[in-house]
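Dumped target33.cif below, it's mmCIF, N, CA and C atoms:
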```cif
data_final
#
loop_
_atom_site.group_PDB
_atom_site.id
_atom_site.type_symbol
_atom_site.label_atom_id
_atom_site.label_comp_id
_atom_site.auth_asym_id
_atom_site.auth_seq_id
_atom_site.Cartn_x
_atom_site.Cartn_y
_atom_site.Cartn_z
ATOM 1 N N MET A 238 -37.263 89.655 -17.723
ATOM 2 C CA MET A 238 -38.488 89.031 -18.196
ATOM 3 C C MET A 238 -38.637 87.665 -17.518
ATOM 4 N N PRO A 239 -39.819 87.350 -17.000
ATOM 5 C CA PRO A 239 -40.048 86.042 -16.379
ATOM 6 C C PRO A 239 -39.833 84.907 -17.388
ATOM 7 N N LEU A 240 -39.199 83.856 -16.908
ATOM 8 C CA LEU A 240 -38.858 82.720 -17.755
ATOM 9 C C LEU A 240 -39.339 81.444 -17.063
ATOM 10 N N PRO A 241 -40.510 80.905 -17.468
ATOM 11 C CA PRO A 241 -40.998 79.656 -16.867
ATOM 12 C C PRO A 241 -40.247 78.458 -17.440
ATOM 13 N N LEU A 242 -39.758 77.582 -16.547
ATOM 14 C CA LEU A 242 -38.986 76.411 -16.958
ATOM 15 C C LEU A 242 -39.464 75.190 -16.199
ATOM 16 N N TYR A 243 -39.297 74.025 -16.804
ATOM 17 C CA TYR A 243 -39.636 72.767 -16.143
ATOM 18 C C TYR A 243 -38.358 72.158 -15.584
ATOM 19 N N GLY A 244 -38.328 71.963 -14.272
ATOM 20 C CA GLY A 244 -37.154 71.398 -13.623
ATOM 21 C C GLY A 244 -37.418 70.004 -13.095
ATOM 22 N N PHE A 245 -36.480 69.120 -13.312
ATOM 23 C CA PHE A 245 -36.554 67.747 -12.835
ATOM 24 C C PHE A 245 -35.307 67.466 -12.007
ATOM 25 N N MET A 246 -35.522 67.060 -10.762
ATOM 26 C CA MET A 246 -34.407 66.785 -9.869
ATOM 27 C C MET A 246 -34.209 65.284 -9.744
ATOM 28 N N GLU A 247 -32.979 64.853 -9.862
ATOM 29 C CA GLU A 247 -32.665 63.432 -9.745
ATOM 30 C C GLU A 247 -33.220 62.893 -8.427
ATOM 31 N N GLY A 248 -33.947 61.793 -8.513
ATOM 32 C CA GLY A 248 -34.539 61.177 -7.337
ATOM 33 C C GLY A 248 -35.975 61.586 -7.078
ATOM 34 N N ASP A 249 -36.441 62.647 -7.735
ATOM 35 C CA ASP A 249 -37.824 63.085 -7.572
ATOM 36 C C ASP A 249 -38.689 62.379 -8.611
ATOM 37 N N THR A 250 -39.973 62.300 -8.340
ATOM 38 C CA THR A 250 -40.876 61.592 -9.240
ATOM 39 C C THR A 250 -41.671 62.528 -10.142
ATOM 40 N N ILE A 251 -41.603 63.832 -9.881
ATOM 41 C CA ILE A 251 -42.349 64.782 -10.710
ATOM 42 C C ILE A 251 -41.472 65.960 -11.096
ATOM 43 N N GLY A 252 -41.841 66.612 -12.172
ATOM 44 C CA GLY A 252 -41.177 67.846 -12.578
ATOM 45 C C GLY A 252 -41.894 69.024 -11.966
ATOM 46 N N LEU A 253 -41.183 70.118 -11.812
ATOM 47 C CA LEU A 253 -41.745 71.311 -11.199
ATOM 48 C C LEU A 253 -41.587 72.507 -12.118
ATOM 49 N N LEU A 254 -42.587 73.385 -12.107
ATOM 50 C CA LEU A 254 -42.508 74.629 -12.861
ATOM 51 C C LEU A 254 -41.758 75.637 -12.009
ATOM 52 N N ILE A 255 -40.660 76.151 -12.530
ATOM 53 C CA ILE A 255 -39.831 77.132 -11.839
ATOM 54 C C ILE A 255 -39.833 78.406 -12.679
ATOM 55 N N VAL A 256 -40.150 79.526 -12.053
ATOM 56 C CA VAL A 256 -40.114 80.805 -12.756
ATOM 57 C C VAL A 256 -38.810 81.503 -12.395
ATOM 58 N N ALA A 257 -38.036 81.822 -13.413
ATOM 59 C CA ALA A 257 -36.737 82.449 -13.236
ATOM 60 C C ALA A 257 -36.674 83.716 -14.085
ATOM 61 N N ASP A 258 -35.524 84.358 -14.083
ATOM 62 C CA ASP A 258 -35.276 85.541 -14.899
ATOM 63 C C ASP A 258 -34.082 85.247 -15.794
ATOM 64 N N GLU A 259 -34.088 85.796 -16.996
ATOM 65 C CA GLU A 259 -33.015 85.528 -17.955
ATOM 66 C C GLU A 259 -31.631 85.914 -17.437
ATOM 67 N N GLN A 260 -31.556 86.918 -16.559
ATOM 68 C CA GLN A 260 -30.271 87.377 -16.035
ATOM 69 C C GLN A 260 -29.858 86.663 -14.750
ATOM 70 N N GLU A 261 -30.681 85.739 -14.310
ATOM 71 C CA GLU A 261 -30.398 84.944 -13.117
ATOM 72 C C GLU A 261 -29.292 83.936 -13.429
ATOM 73 N N SER A 262 -28.532 83.559 -12.412
ATOM 74 C CA SER A 262 -27.464 82.574 -12.623
ATOM 75 C C SER A 262 -28.032 81.156 -12.643
ATOM 76 N N VAL A 263 -27.288 80.277 -13.263
ATOM 77 C CA VAL A 263 -27.640 78.860 -13.280
ATOM 78 C C VAL A 263 -27.656 78.330 -11.845
ATOM 79 N N ARG A 264 -26.738 78.802 -11.016
ATOM 80 C CA ARG A 264 -26.685 78.398 -9.602
ATOM 81 C C ARG A 264 -27.986 78.757 -8.887
ATOM 82 N N SER A 265 -28.499 79.966 -9.132
ATOM 83 C CA SER A 265 -29.745 80.413 -8.518
ATOM 84 C C SER A 265 -30.921 79.543 -8.961
ATOM 85 N N LEU A 266 -30.948 79.194 -10.229
ATOM 86 C CA LEU A 266 -31.996 78.311 -10.748
ATOM 87 C C LEU A 266 -31.955 76.963 -10.040
ATOM 88 N N ALA A 267 -30.755 76.417 -9.861
ATOM 89 C CA ALA A 267 -30.593 75.130 -9.173
ATOM 90 C C ALA A 267 -31.107 75.224 -7.739
ATOM 91 N N GLU A 268 -30.808 76.316 -7.061
ATOM 92 C CA GLU A 268 -31.264 76.496 -5.678
ATOM 93 C C GLU A 268 -32.783 76.565 -5.593
ATOM 94 N N LYS A 269 -33.405 77.227 -6.568
ATOM 95 C CA LYS A 269 -34.874 77.302 -6.587
ATOM 96 C C LYS A 269 -35.487 75.909 -6.707
ATOM 97 N N LEU A 270 -34.960 75.107 -7.626
ATOM 98 C CA LEU A 270 -35.508 73.761 -7.803
ATOM 99 C C LEU A 270 -35.210 72.898 -6.585
ATOM 100 N N ARG A 271 -34.019 73.006 -6.054
ATOM 101 C CA ARG A 271 -33.655 72.233 -4.861
ATOM 102 C C ARG A 271 -34.613 72.552 -3.705
ATOM 103 N N ASP A 272 -34.901 73.834 -3.491
ATOM 104 C CA ASP A 272 -35.823 74.233 -2.425
ATOM 105 C C ASP A 272 -37.236 73.712 -2.674
ATOM 106 N N ALA A 273 -37.699 73.817 -3.913
ATOM 107 C CA ALA A 273 -39.062 73.395 -4.239
ATOM 108 C C ALA A 273 -39.246 71.882 -4.103
ATOM 109 N N ALA A 274 -38.203 71.124 -4.394
ATOM 110 C CA ALA A 274 -38.298 69.661 -4.342
ATOM 111 C C ALA A 274 -37.906 69.090 -2.980
ATOM 112 N N SER A 275 -37.501 69.931 -2.060
ATOM 113 C CA SER A 275 -36.944 69.457 -0.781
ATOM 114 C C SER A 275 -37.937 68.670 0.073
ATOM 115 N N LEU A 276 -39.226 68.813 -0.171
ATOM 116 C CA LEU A 276 -40.214 68.031 0.577
ATOM 117 C C LEU A 276 -40.189 66.555 0.189
ATOM 118 N N ARG A 277 -39.721 66.253 -1.026
ATOM 119 C CA ARG A 277 -39.760 64.876 -1.523
ATOM 120 C C ARG A 277 -38.395 64.223 -1.686
ATOM 121 N N VAL A 278 -37.354 65.023 -1.848
ATOM 122 C CA VAL A 278 -36.048 64.444 -2.158
ATOM 123 C C VAL A 278 -34.941 65.229 -1.456
ATOM 124 N N ASP A 279 -33.908 64.511 -1.041
ATOM 125 C CA ASP A 279 -32.765 65.136 -0.380
ATOM 126 C C ASP A 279 -31.901 65.826 -1.433
ATOM 127 N N GLY A 280 -31.768 67.120 -1.321
ATOM 128 C CA GLY A 280 -30.986 67.882 -2.286
ATOM 129 C C GLY A 280 -29.645 68.319 -1.752
ATOM 130 N N SER A 281 -29.158 67.642 -0.705
ATOM 131 C CA SER A 281 -27.869 68.042 -0.147
ATOM 132 C C SER A 281 -26.745 67.665 -1.103
ATOM 133 N N GLY A 282 -25.664 68.370 -0.971
ATOM 134 C CA GLY A 282 -24.517 68.129 -1.848
ATOM 135 C C GLY A 282 -24.618 68.952 -3.119
ATOM 136 N N TYR A 283 -23.594 68.858 -3.917
ATOM 137 C CA TYR A 283 -23.532 69.635 -5.153
ATOM 138 C C TYR A 283 -24.286 68.908 -6.259
ATOM 139 N N LEU A 284 -25.055 69.670 -7.024
ATOM 140 C CA LEU A 284 -25.813 69.112 -8.141
ATOM 141 C C LEU A 284 -25.430 69.849 -9.425
ATOM 142 N N ASP A 285 -25.271 69.102 -10.508
ATOM 143 C CA ASP A 285 -25.032 69.688 -11.824
ATOM 144 C C ASP A 285 -26.360 70.076 -12.454
ATOM 145 N N VAL A 286 -26.376 71.213 -13.148
ATOM 146 C CA VAL A 286 -27.530 71.600 -13.952
ATOM 147 C C VAL A 286 -27.247 71.137 -15.374
ATOM 148 N N VAL A 287 -28.158 70.338 -15.906
ATOM 149 C CA VAL A 287 -28.008 69.804 -17.261
ATOM 150 C C VAL A 287 -29.135 70.368 -18.116
ATOM 151 N N TYR A 288 -28.760 71.007 -19.221
ATOM 152 C CA TYR A 288 -29.735 71.597 -20.147
ATOM 153 C C TYR A 288 -29.343 71.195 -21.560
ATOM 154 N N ARG A 289 -30.259 70.573 -22.263
ATOM 155 C CA ARG A 289 -30.027 70.081 -23.623
ATOM 156 C C ARG A 289 -28.798 69.177 -23.683
ATOM 157 N N GLY A 290 -28.615 68.362 -22.627
ATOM 158 C CA GLY A 290 -27.534 67.401 -22.603
ATOM 159 C C GLY A 290 -26.183 67.959 -22.222
ATOM 160 N N ILE A 291 -26.114 69.247 -21.843
ATOM 161 C CA ILE A 291 -24.845 69.885 -21.505
ATOM 162 C C ILE A 291 -24.857 70.282 -20.031
ATOM 163 N N ILE A 292 -23.776 70.003 -19.333
ATOM 164 C CA ILE A 292 -23.620 70.427 -17.950
ATOM 165 C C ILE A 292 -23.216 71.897 -17.967
ATOM 166 N N LEU A 293 -24.012 72.724 -17.300
ATOM 167 C CA LEU A 293 -23.799 74.168 -17.359
ATOM 168 C C LEU A 293 -22.871 74.683 -16.264
ATOM 169 N N ASP A 294 -22.186 75.770 -16.582
ATOM 170 C CA ASP A 294 -21.369 76.488 -15.603
ATOM 171 C C ASP A 294 -22.326 77.188 -14.643
ATOM 172 N N PRO A 295 -22.210 76.950 -13.338
ATOM 173 C CA PRO A 295 -23.148 77.542 -12.386
ATOM 174 C C PRO A 295 -23.118 79.062 -12.345
ATOM 175 N N ASP A 296 -22.018 79.672 -12.800
ATOM 176 C CA ASP A 296 -21.907 81.132 -12.767
ATOM 177 C C ASP A 296 -22.457 81.807 -14.022
ATOM 178 N N SER A 297 -22.811 81.040 -15.038
ATOM 179 C CA SER A 297 -23.373 81.640 -16.247
ATOM 180 C C SER A 297 -24.832 82.035 -16.007
ATOM 181 N N THR A 298 -25.324 82.958 -16.823
ATOM 182 C CA THR A 298 -26.728 83.357 -16.709
ATOM 183 C C THR A 298 -27.589 82.449 -17.573
ATOM 184 N N LEU A 299 -28.878 82.490 -17.321
ATOM 185 C CA LEU A 299 -29.794 81.690 -18.132
ATOM 186 C C LEU A 299 -29.799 82.175 -19.579
ATOM 187 N N ALA A 300 -29.629 83.475 -19.789
ATOM 188 C CA ALA A 300 -29.551 84.007 -21.151
ATOM 189 C C ALA A 300 -28.309 83.472 -21.858
ATOM 190 N N GLN A 301 -27.171 83.436 -21.159
ATOM 191 C CA GLN A 301 -25.943 82.902 -21.756
ATOM 192 C C GLN A 301 -26.093 81.423 -22.104
ATOM 193 N N ALA A 302 -26.858 80.690 -21.310
ATOM 194 C CA ALA A 302 -27.088 79.269 -21.562
ATOM 195 C C ALA A 302 -28.176 79.051 -22.606
ATOM 196 N N ASP A 303 -28.784 80.132 -23.078
ATOM 197 C CA ASP A 303 -29.809 80.108 -24.129
ATOM 198 C C ASP A 303 -31.087 79.380 -23.720
ATOM 199 N N PHE A 304 -31.505 79.569 -22.449
ATOM 200 C CA PHE A 304 -32.772 78.998 -21.997
ATOM 201 C C PHE A 304 -33.921 79.689 -22.715
ATOM 202 N N LYS A 305 -34.907 78.919 -23.096
ATOM 203 C CA LYS A 305 -36.140 79.414 -23.723
ATOM 204 C C LYS A 305 -37.309 79.050 -22.818
ATOM 205 N N PRO A 306 -38.421 79.787 -22.886
ATOM 206 C CA PRO A 306 -39.581 79.483 -22.031
ATOM 207 C C PRO A 306 -40.066 78.043 -22.202
ATOM 208 N N LEU A 307 -40.445 77.464 -21.082
ATOM 209 C CA LEU A 307 -41.040 76.126 -20.993
ATOM 210 C C LEU A 307 -40.099 74.998 -21.408
ATOM 211 N N GLN A 308 -38.790 75.266 -21.369
ATOM 212 C CA GLN A 308 -37.816 74.220 -21.646
ATOM 213 C C GLN A 308 -37.521 73.438 -20.376
ATOM 214 N N ARG A 309 -37.026 72.230 -20.544
ATOM 215 C CA ARG A 309 -36.696 71.346 -19.426
ATOM 216 C C ARG A 309 -35.217 71.482 -19.060
ATOM 217 N N PHE A 310 -34.962 71.435 -17.755
ATOM 218 C CA PHE A 310 -33.595 71.305 -17.259
ATOM 219 C C PHE A 310 -33.607 70.267 -16.154
ATOM 220 N N ASP A 311 -32.452 69.682 -15.871
ATOM 221 C CA ASP A 311 -32.346 68.631 -14.869
ATOM 222 C C ASP A 311 -31.270 68.980 -13.853
ATOM 223 N N LEU A 312 -31.490 68.567 -12.624
ATOM 224 C CA LEU A 312 -30.466 68.621 -11.582
ATOM 225 C C LEU A 312 -30.028 67.198 -11.315
ATOM 226 N N ARG A 313 -28.743 66.939 -11.459
ATOM 227 C CA ARG A 313 -28.210 65.595 -11.251
ATOM 228 C C ARG A 313 -27.059 65.643 -10.270
ATOM 229 N N ARG A 314 -26.889 64.565 -9.543
ATOM 230 C CA ARG A 314 -25.790 64.468 -8.577
ATOM 231 C C ARG A 314 -24.466 64.750 -9.264
ATOM 232 N N PHE A 315 -23.640 65.519 -8.584
ATOM 233 C CA PHE A 315 -22.317 65.876 -9.097
ATOM 234 C C PHE A 315 -21.480 64.627 -9.313
ATOM 235 N N ASN A 316 -20.840 64.581 -10.463
ATOM 236 C CA ASN A 316 -19.937 63.489 -10.799
ATOM 237 C C ASN A 316 -18.613 64.127 -11.197
ATOM 238 N N PRO A 317 -17.561 63.984 -10.381
ATOM 239 C CA PRO A 317 -16.290 64.637 -10.681
ATOM 240 C C PRO A 317 -15.695 64.244 -12.029
ATOM 241 N N GLY A 318 -16.139 63.138 -12.595
ATOM 242 C CA GLY A 318 -15.619 62.709 -13.894
ATOM 243 C C GLY A 318 -16.225 63.460 -15.065
ATOM 244 N N ARG A 319 -17.319 64.189 -14.817
ATOM 245 C CA ARG A 319 -17.956 64.950 -15.893
ATOM 246 C C ARG A 319 -17.347 66.341 -15.954
ATOM 247 N N ASN A 320 -17.238 66.895 -17.130
ATOM 248 C CA ASN A 320 -16.680 68.233 -17.319
ATOM 249 C C ASN A 320 -17.758 69.198 -17.750
ATOM 250 N N HIS A 321 -17.744 70.399 -17.169
ATOM 251 C CA HIS A 321 -18.697 71.425 -17.562
ATOM 252 C C HIS A 321 -18.490 71.799 -19.025
ATOM 253 N N GLY A 322 -19.578 72.091 -19.706
ATOM 254 C CA GLY A 322 -19.515 72.469 -21.107
ATOM 255 C C GLY A 322 -19.449 71.295 -22.048
ATOM 256 N N LEU A 323 -19.466 70.080 -21.528
ATOM 257 C CA LEU A 323 -19.456 68.894 -22.375
ATOM 258 C C LEU A 323 -20.809 68.222 -22.307
ATOM 259 N N SER A 324 -21.159 67.561 -23.363
ATOM 260 C CA SER A 324 -22.388 66.782 -23.333
ATOM 261 C C SER A 324 -22.162 65.600 -22.412
ATOM 262 N N GLU A 325 -23.230 64.975 -22.008
ATOM 263 C CA GLU A 325 -23.103 63.840 -21.109
ATOM 264 C C GLU A 325 -22.370 62.672 -21.749
ATOM 265 N N SER A 326 -22.317 62.636 -23.067
ATOM 266 C CA SER A 326 -21.578 61.573 -23.737
ATOM 267 C C SER A 326 -20.085 61.898 -23.800
ATOM 268 N N GLY A 327 -19.719 63.126 -23.380
ATOM 269 C CA GLY A 327 -18.305 63.527 -23.388
ATOM 270 C C GLY A 327 -17.894 64.288 -24.619
ATOM 271 N N ASP A 328 -18.810 64.487 -25.565
ATOM 272 C CA ASP A 328 -18.494 65.249 -26.776
ATOM 273 C C ASP A 328 -18.613 66.732 -26.484
ATOM 274 N N SER A 329 -17.661 67.527 -26.957
ATOM 275 C CA SER A 329 -17.798 68.972 -26.795
ATOM 276 C C SER A 329 -18.809 69.486 -27.807
ATOM 277 N N ARG A 330 -19.511 70.525 -27.416
ATOM 278 C CA ARG A 330 -20.535 71.088 -28.309
ATOM 279 C C ARG A 330 -20.190 72.490 -28.673
#
```
Translate this file's structure into structure tokens.
Amino acid sequence: MPLPLYGFMEGDTIGLLIVADEQESVRSLAEKLRDAASLRVDGSGYLDVVYRGIILDPDSTLAQADFKPLQRFDLRRFNPGRNHGLSESGDSR
């Protein structure tokens, strides 16, 4: 089923509507946003996908991450000090 989502890439000035599928990987979603924003911002290097304040595992599916239509997700520069599955404040959820 098509899943429209709002993606915001660190360094970009606007959000983009990205259409994905529930069985698609988080990595694939990140690549779609990176490609769409590439005209305005450099997307080289590894980027974390952050949804509802949690850094997602790139191999999980959007259904596993519980994405809902028209929800926001962010792509942020990789920070080795952050752990996947933790909120940005460091609290486990």
Distance in Å - atom C of A:Arg313 versus atom N of A:Val286: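 A separation of 6.3 Å between them.
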Residues within 12 Å of A:Ala274, only C-alpha atoms, excluding chain neighbours under 6 positions, as a PyMOL selection string: chain A and resi 244-255+267-268+280-281+312
Hits from the PyMOL selection byres ((chain A and resi 300) around 8), listed as a PyMOL selection string: chain A and resi 258-263+297-299+301-305
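The interatomic distance for the pair atom N of A:Asp294 and atom CA of A:Gly282 works out to 16.8 Å.
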Output check: residues returned by the PyMOL selection byres ((chain A and resi 308) around 7), as an MDAnalysis selection string: chainID A and resid 241:244 304:307 309:310
Per-residue DSSP, chain A, filtered to strand (DSSP E or B), as an MDAnalysis selection string: chainID A and resid 239:246 253:258 262 284:288 291:292 298 309:314 323:324 329
Interatomic distance, atom CA of A:Arg289 to atom CA of A:Arg271 (Å, one decimal): 19.2 Å
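The shortest atom-to-atom distance to A:Asp285, with only C-alpha atoms taken into account, belongs to A:Phe315 out of A:Phe315, A:Arg264, A:Ala257, A:Asp272.
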Would you compute the box with edges along x, y and z of the file around stretch 242-253 of chain A, including every atom the file lists for it and 4 Å extra on each side, and give its centre and edge lengths in Å to one decimal, as JSON?
```
{"center_x": -37.5, "center_y": 69.4, "center_z": -12.0, "size_x": 17.7, "size_y": 24.4, "size_z": 17.9}
```
